[in-house]
Amino acid sequence: MIFWLLLGLFASANGQYFSEGWKPGQALTNEPSAPVPTVAASGRVGEEPQIQQGSLLDSSSISSIFAKIGVNISSIASAAGLSSKAAYPWDPRIPLITDVNYDKIIVNEELTPEEEGNRTWLIVVATNQGGGISQFVDKIFDETYNETLIADDMPNLRWGRIDYLNVTYLTTKWGVWQAPTFIILQNRGQTLRFVKPHWLRLREGALREFLTDGTYNEVPRWDSSFAPGGSNEYLLHYLGLVLTTIYNTAIKVPRWILYILSGSVASFIIQLLHRPPKKDQLKTQAAQKADTLGTSAPAAAVASGSTPTQSKAKQRKSKK
């Protein structure tokens with residue numbers, strides 16, 4: 001009795017997975033069978049299992065394999081939307097200034113005449129590799145950005161960041177050869193002021209104090225002949241174009257090929273620098289010729305079967 005009661009309860013609870021079957025005289029139908037419940041990785045019934053592509057591409061083993069042939073697979077996957085991991089570890093609210101978007105974001109920014117006269121950009125040139133001073137400056141920069149955003153007391157100030165390792169034209173045109181560096185940019189990029197982090201003696205609140213009290217306007221502007229609007233500005237412009245072309249070509253070459261080429265070039269240069277002067281080469285060649293002539297005479301006498309004394313006697317007899 002208990003067995004039949006349990007069987008009835010089981011059938012009523014799972015009746016949706018059973019059908020009555022075909023009966024005589026009933027038309028044939030193409031009704032699909034009851035779906036089989038699927039269990040996802042999360043453990044929930046009915047969810048389709050998902051393959052996490054990002055975790056595969058972000059793994060250290062895959063990244064190390066591609067790094068050996070000179071390919072940064074993590075950045076490529078992030079740019080293509082295949083990875084949830086950001087390409088850069090920086091605050092995404094701060095725009096990343098590149099050689100491509102510089103004119104659009106800064107030079108051609110839509111501003112009224114009043115806004116144009118008051119617009120100021122604070123740009124930090126940094127690198128996302130390594131630690132030390134670069135990581136510390138990035139932390140101070142982000143903290144100052146958050147404090148200024150909360151205070152909302154500098155409406156004409158804009159913030160930007162430049163990746164020193166991936167931006168070639170701008171850093172060359174501005175003569176920035178090391179990171180980190182702060183750049184105070186005004187007048188749509190025609191007025192530039194450069195500030196080294198150690199000049200500020202960075203501490204908590206030092207950068208914000210530097211901005212709020214207007215000290216950045218007292219920093220001497222870059223006014224050499226290579227500065228924007230200078231007579232030699234075109235030299236850095238064309239140098240930046242050349243270096244950008246070289247960089248865009250070099251990043252496409254696998255790293256191991258660059259190692260071989262750089263080693264071959266270095267070996268050739270070393271041999272070229274350590275070669276002897278031409279006078280020493282001529283003396284060495286003359287000494288080698290004398291040695292060969294001195295050793296060839298006795299060898300010829302031995303080959304003829306006569307000694308040097310016998311040859312001299314023969315010469316005396318011929319004279320008589």
# chains A, B, ... in the order shown; residues from 1 in each chain; ligands from 1
>>> residues_around(residues="Asp138 of chain A", least_positions_apart="6", cutoff="12 Å", atoms="only C-alpha atoms", output="list in words")
Pro89, Trp90, Asp91, Ile94, Ile123, Val124, Val125, Ala126, Thr127, Asn128, Gln129, Gly130, Gly131, Gly132, Thr144, Tyr145, Gly160, Arg161, Ile162, Asp163, Ala179, Pro180, Thr181, Phe182, Pro197, Leu202 and Leu207 of chain A
>>> residues_around(residues="Thr168 of chain A", least_positions_apart="2", cutoff="8 Å", atoms="only C-alpha atoms", output="count of residues only")
11
>>> select_by_dssp(residues="segment 131-309 of chain A", states="strand (DSSP E)", output="list in words")
Leu157, Arg158, Trp159, Gly160, Arg161, Ile162, Asp163, Thr181, Phe182, Ile183, Ile184, Leu185, Gln186, Thr191, Leu192, Arg193, Phe194 and Val195 of chain A
>>> write_last_selection(atoms="all heavy atoms", output="compact mmCIF listing (two decimals), in the first residue's frame")
# COMPACT_ATOMS: atom_id res chain seq x y z
N LEU A 157 39.15 72.77 -15.61
CA LEU A 157 40.28 71.84 -15.63
C LEU A 157 39.84 70.50 -16.20
O LEU A 157 38.80 69.97 -15.84
CB LEU A 157 40.84 71.65 -14.22
CG LEU A 157 42.04 70.70 -14.10
CD1 LEU A 157 43.25 71.26 -14.84
CD2 LEU A 157 42.36 70.43 -12.63
N ARG A 158 40.64 69.98 -17.12
CA ARG A 158 40.40 68.65 -17.69
C ARG A 158 41.61 67.77 -17.40
O ARG A 158 42.73 68.26 -17.26
CB ARG A 158 40.15 68.74 -19.20
CG ARG A 158 38.88 69.47 -19.58
CD ARG A 158 37.65 68.70 -19.13
NE ARG A 158 36.42 69.38 -19.49
CZ ARG A 158 35.78 70.24 -18.72
NH1 ARG A 158 36.28 70.55 -17.53
NH2 ARG A 158 34.65 70.80 -19.10
N TRP A 159 41.35 66.48 -17.34
CA TRP A 159 42.38 65.52 -16.96
C TRP A 159 42.63 64.56 -18.12
O TRP A 159 41.69 64.18 -18.85
CB TRP A 159 41.96 64.73 -15.72
CG TRP A 159 41.63 65.59 -14.54
CD1 TRP A 159 40.52 66.39 -14.39
CD2 TRP A 159 42.41 65.79 -13.37
NE1 TRP A 159 40.56 67.05 -13.19
CE2 TRP A 159 41.72 66.70 -12.53
CE3 TRP A 159 43.62 65.27 -12.92
CZ2 TRP A 159 42.19 67.10 -11.30
CZ3 TRP A 159 44.10 65.66 -11.68
CH2 TRP A 159 43.39 66.57 -10.89
N GLY A 160 43.87 64.15 -18.27
CA GLY A 160 44.21 63.20 -19.32
C GLY A 160 45.45 62.40 -18.95
O GLY A 160 46.21 62.77 -18.06
N ARG A 161 45.62 61.29 -19.63
CA ARG A 161 46.76 60.42 -19.37
C ARG A 161 47.34 59.94 -20.70
O ARG A 161 46.60 59.65 -21.64
CB ARG A 161 46.35 59.23 -18.50
CG ARG A 161 47.48 58.27 -18.20
CD ARG A 161 47.03 57.13 -17.32
NE ARG A 161 47.16 57.44 -15.90
CZ ARG A 161 46.17 57.54 -15.06
NH1 ARG A 161 44.92 57.40 -15.49
NH2 ARG A 161 46.37 57.81 -13.78
N ILE A 162 48.66 59.89 -20.78
CA ILE A 162 49.37 59.42 -21.97
C ILE A 162 50.21 58.20 -21.58
O ILE A 162 50.98 58.26 -20.61
CB ILE A 162 50.27 60.52 -22.57
CG1 ILE A 162 49.41 61.61 -23.21
CG2 ILE A 162 51.23 59.95 -23.60
CD1 ILE A 162 50.21 62.76 -23.81
N ASP A 163 50.06 57.12 -22.32
CA ASP A 163 50.88 55.94 -22.12
C ASP A 163 52.21 56.15 -22.85
O ASP A 163 52.28 56.15 -24.07
CB ASP A 163 50.16 54.70 -22.66
CG ASP A 163 50.94 53.43 -22.42
OD1 ASP A 163 51.97 53.49 -21.72
OD2 ASP A 163 50.54 52.36 -22.93
N THR A 181 55.84 62.32 -16.06
CA THR A 181 55.96 63.77 -16.23
C THR A 181 54.57 64.37 -16.29
O THR A 181 53.67 63.79 -16.92
CB THR A 181 56.72 64.11 -17.52
OG1 THR A 181 58.03 63.55 -17.46
CG2 THR A 181 56.83 65.61 -17.72
N PHE A 182 54.38 65.50 -15.63
CA PHE A 182 53.12 66.24 -15.71
C PHE A 182 53.24 67.30 -16.80
O PHE A 182 54.27 67.96 -16.91
CB PHE A 182 52.78 66.91 -14.38
CG PHE A 182 52.44 65.96 -13.27
CD1 PHE A 182 53.23 65.89 -12.13
CD2 PHE A 182 51.35 65.11 -13.37
CE1 PHE A 182 52.92 65.02 -11.11
CE2 PHE A 182 51.03 64.23 -12.36
CZ PHE A 182 51.82 64.18 -11.23
N ILE A 183 52.17 67.46 -17.57
CA ILE A 183 52.12 68.48 -18.62
C ILE A 183 50.91 69.37 -18.37
O ILE A 183 49.78 68.88 -18.27
CB ILE A 183 52.03 67.84 -20.02
CG1 ILE A 183 53.24 66.95 -20.29
CG2 ILE A 183 51.92 68.91 -21.10
CD1 ILE A 183 53.18 66.23 -21.62
N ILE A 184 51.14 70.67 -18.27
CA ILE A 184 50.07 71.66 -18.19
C ILE A 184 49.85 72.18 -19.60
O ILE A 184 50.70 72.86 -20.16
CB ILE A 184 50.42 72.80 -17.23
CG1 ILE A 184 50.88 72.25 -15.87
CG2 ILE A 184 49.24 73.74 -17.06
CD1 ILE A 184 49.83 71.48 -15.14
N LEU A 185 48.71 71.85 -20.18
CA LEU A 185 48.43 72.18 -21.58
C LEU A 185 47.31 73.23 -21.64
O LEU A 185 46.26 73.05 -21.02
CB LEU A 185 48.03 70.93 -22.34
CG LEU A 185 47.81 71.03 -23.85
CD1 LEU A 185 48.24 69.72 -24.53
CD2 LEU A 185 46.35 71.31 -24.18
N GLN A 186 47.54 74.30 -22.38
CA GLN A 186 46.58 75.38 -22.55
C GLN A 186 46.59 75.85 -24.00
O GLN A 186 47.47 75.50 -24.79
CB GLN A 186 46.91 76.55 -21.60
CG GLN A 186 46.80 76.20 -20.13
CD GLN A 186 47.37 77.28 -19.22
OE1 GLN A 186 48.36 77.91 -19.56
NE2 GLN A 186 46.76 77.48 -18.06
N THR A 191 50.36 76.16 -25.72
CA THR A 191 51.09 76.55 -24.52
C THR A 191 51.31 75.32 -23.66
O THR A 191 50.34 74.67 -23.24
CB THR A 191 50.32 77.62 -23.72
OG1 THR A 191 50.10 78.76 -24.55
CG2 THR A 191 51.11 78.04 -22.49
N LEU A 192 52.56 74.99 -23.43
CA LEU A 192 52.91 73.78 -22.69
C LEU A 192 53.83 74.14 -21.53
O LEU A 192 54.76 74.96 -21.67
CB LEU A 192 53.61 72.77 -23.61
CG LEU A 192 52.81 72.24 -24.80
CD1 LEU A 192 53.69 71.36 -25.68
CD2 LEU A 192 51.58 71.48 -24.34
N ARG A 193 53.56 73.51 -20.39
CA ARG A 193 54.42 73.63 -19.22
C ARG A 193 54.69 72.22 -18.70
O ARG A 193 53.77 71.43 -18.55
CB ARG A 193 53.76 74.48 -18.13
CG ARG A 193 53.59 75.95 -18.49
CD ARG A 193 52.88 76.72 -17.36
NE ARG A 193 52.89 78.16 -17.58
CZ ARG A 193 51.96 78.82 -18.26
NH1 ARG A 193 50.93 78.14 -18.80
NH2 ARG A 193 52.05 80.13 -18.41
N PHE A 194 55.95 71.94 -18.42
CA PHE A 194 56.34 70.60 -17.97
C PHE A 194 56.75 70.66 -16.50
O PHE A 194 57.51 71.55 -16.08
CB PHE A 194 57.50 70.07 -18.81
CG PHE A 194 57.18 70.01 -20.28
CD1 PHE A 194 57.65 70.99 -21.14
CD2 PHE A 194 56.42 68.99 -20.80
CE1 PHE A 194 57.37 70.94 -22.50
CE2 PHE A 194 56.12 68.93 -22.16
CZ PHE A 194 56.60 69.92 -23.00
N VAL A 195 56.24 69.69 -15.74
CA VAL A 195 56.50 69.64 -14.29
C VAL A 195 56.95 68.23 -13.95
O VAL A 195 56.23 67.26 -14.22
CB VAL A 195 55.25 70.01 -13.48
CG1 VAL A 195 55.55 69.95 -11.99
CG2 VAL A 195 54.73 71.39 -13.88
>>> closest_residue(among="A:Pro113, A:Gly175, A:Gly263, A:Pro277", to="Ser224 of chain A", atoms="only C-alpha atoms")
A:Gly175
>>> atom_distance(atom1="atom CA of Thr120 of chain A", atom2="atom CA of Thr148 of chain A")
14.0 Å
>>> residues_around(residues="segment 231-236 of chain A", least_positions_apart="3", cutoff="8 Å", atoms="only C-alpha atoms", output="list in words")
Thr172, Lys173, Trp174, Gly175, Ser225, Phe226, Ala227, Pro228, Leu239 and Gly240 of chain A
>>> select_by_dssp(residues="segment 74-211 of chain A", states="helix (DSSP H, G or I)", output="VMD selection string")
chain A and resid 74 to 79 102 to 107 113 to 118 133 to 151 169 to 173 187 to 189 197 to 200 206 to 211
>>> residues_around(residues="Glu204 of chain A", least_positions_apart="6", cutoff="12 Å", atoms="only C-alpha atoms", output="tab-separated table (two decimals) with N, CA, C and O atoms, in the first residue's frame")
chain	number	residue	atom	x	y	z
A	136	PHE	N	53.56	55.30	-7.95
A	136	PHE	CA	53.22	56.27	-6.92
A	136	PHE	C	52.59	57.52	-7.51
A	136	PHE	O	51.60	58.06	-7.00
A	137	VAL	N	53.15	58.02	-8.63
A	137	VAL	CA	52.60	59.21	-9.29
A	137	VAL	C	51.20	58.94	-9.82
A	137	VAL	O	50.30	59.79	-9.72
A	139	LYS	N	49.05	56.91	-8.55
A	139	LYS	CA	48.14	56.88	-7.40
A	139	LYS	C	47.80	58.30	-6.95
A	139	LYS	O	46.62	58.61	-6.69
A	140	ILE	N	48.80	59.17	-6.87
A	140	ILE	CA	48.56	60.56	-6.47
A	140	ILE	C	47.67	61.26	-7.49
A	140	ILE	O	46.76	62.03	-7.13
A	141	PHE	N	47.91	61.00	-8.77
A	141	PHE	CA	47.12	61.63	-9.83
A	141	PHE	C	45.65	61.23	-9.73
A	141	PHE	O	44.75	62.07	-9.82
A	142	ASP	N	45.37	59.94	-9.53
A	142	ASP	CA	43.99	59.46	-9.43
A	142	ASP	C	43.31	59.99	-8.17
A	142	ASP	O	42.12	60.34	-8.20
A	143	GLU	N	44.04	60.03	-7.06
A	143	GLU	CA	43.45	60.55	-5.83
A	143	GLU	C	43.11	62.04	-5.96
A	143	GLU	O	42.04	62.49	-5.50
A	144	THR	N	43.98	62.80	-6.59
A	144	THR	CA	43.71	64.24	-6.79
A	144	THR	C	42.53	64.43	-7.72
A	144	THR	O	41.71	65.35	-7.54
A	147	GLU	N	39.40	63.84	-5.63
A	147	GLU	CA	39.14	64.95	-4.71
A	147	GLU	C	38.61	66.17	-5.44
A	147	GLU	O	37.69	66.85	-4.96
A	210	PHE	N	48.78	72.42	-5.60
A	210	PHE	CA	49.46	73.01	-6.75
A	210	PHE	C	48.44	73.53	-7.78
A	210	PHE	O	48.68	74.52	-8.47
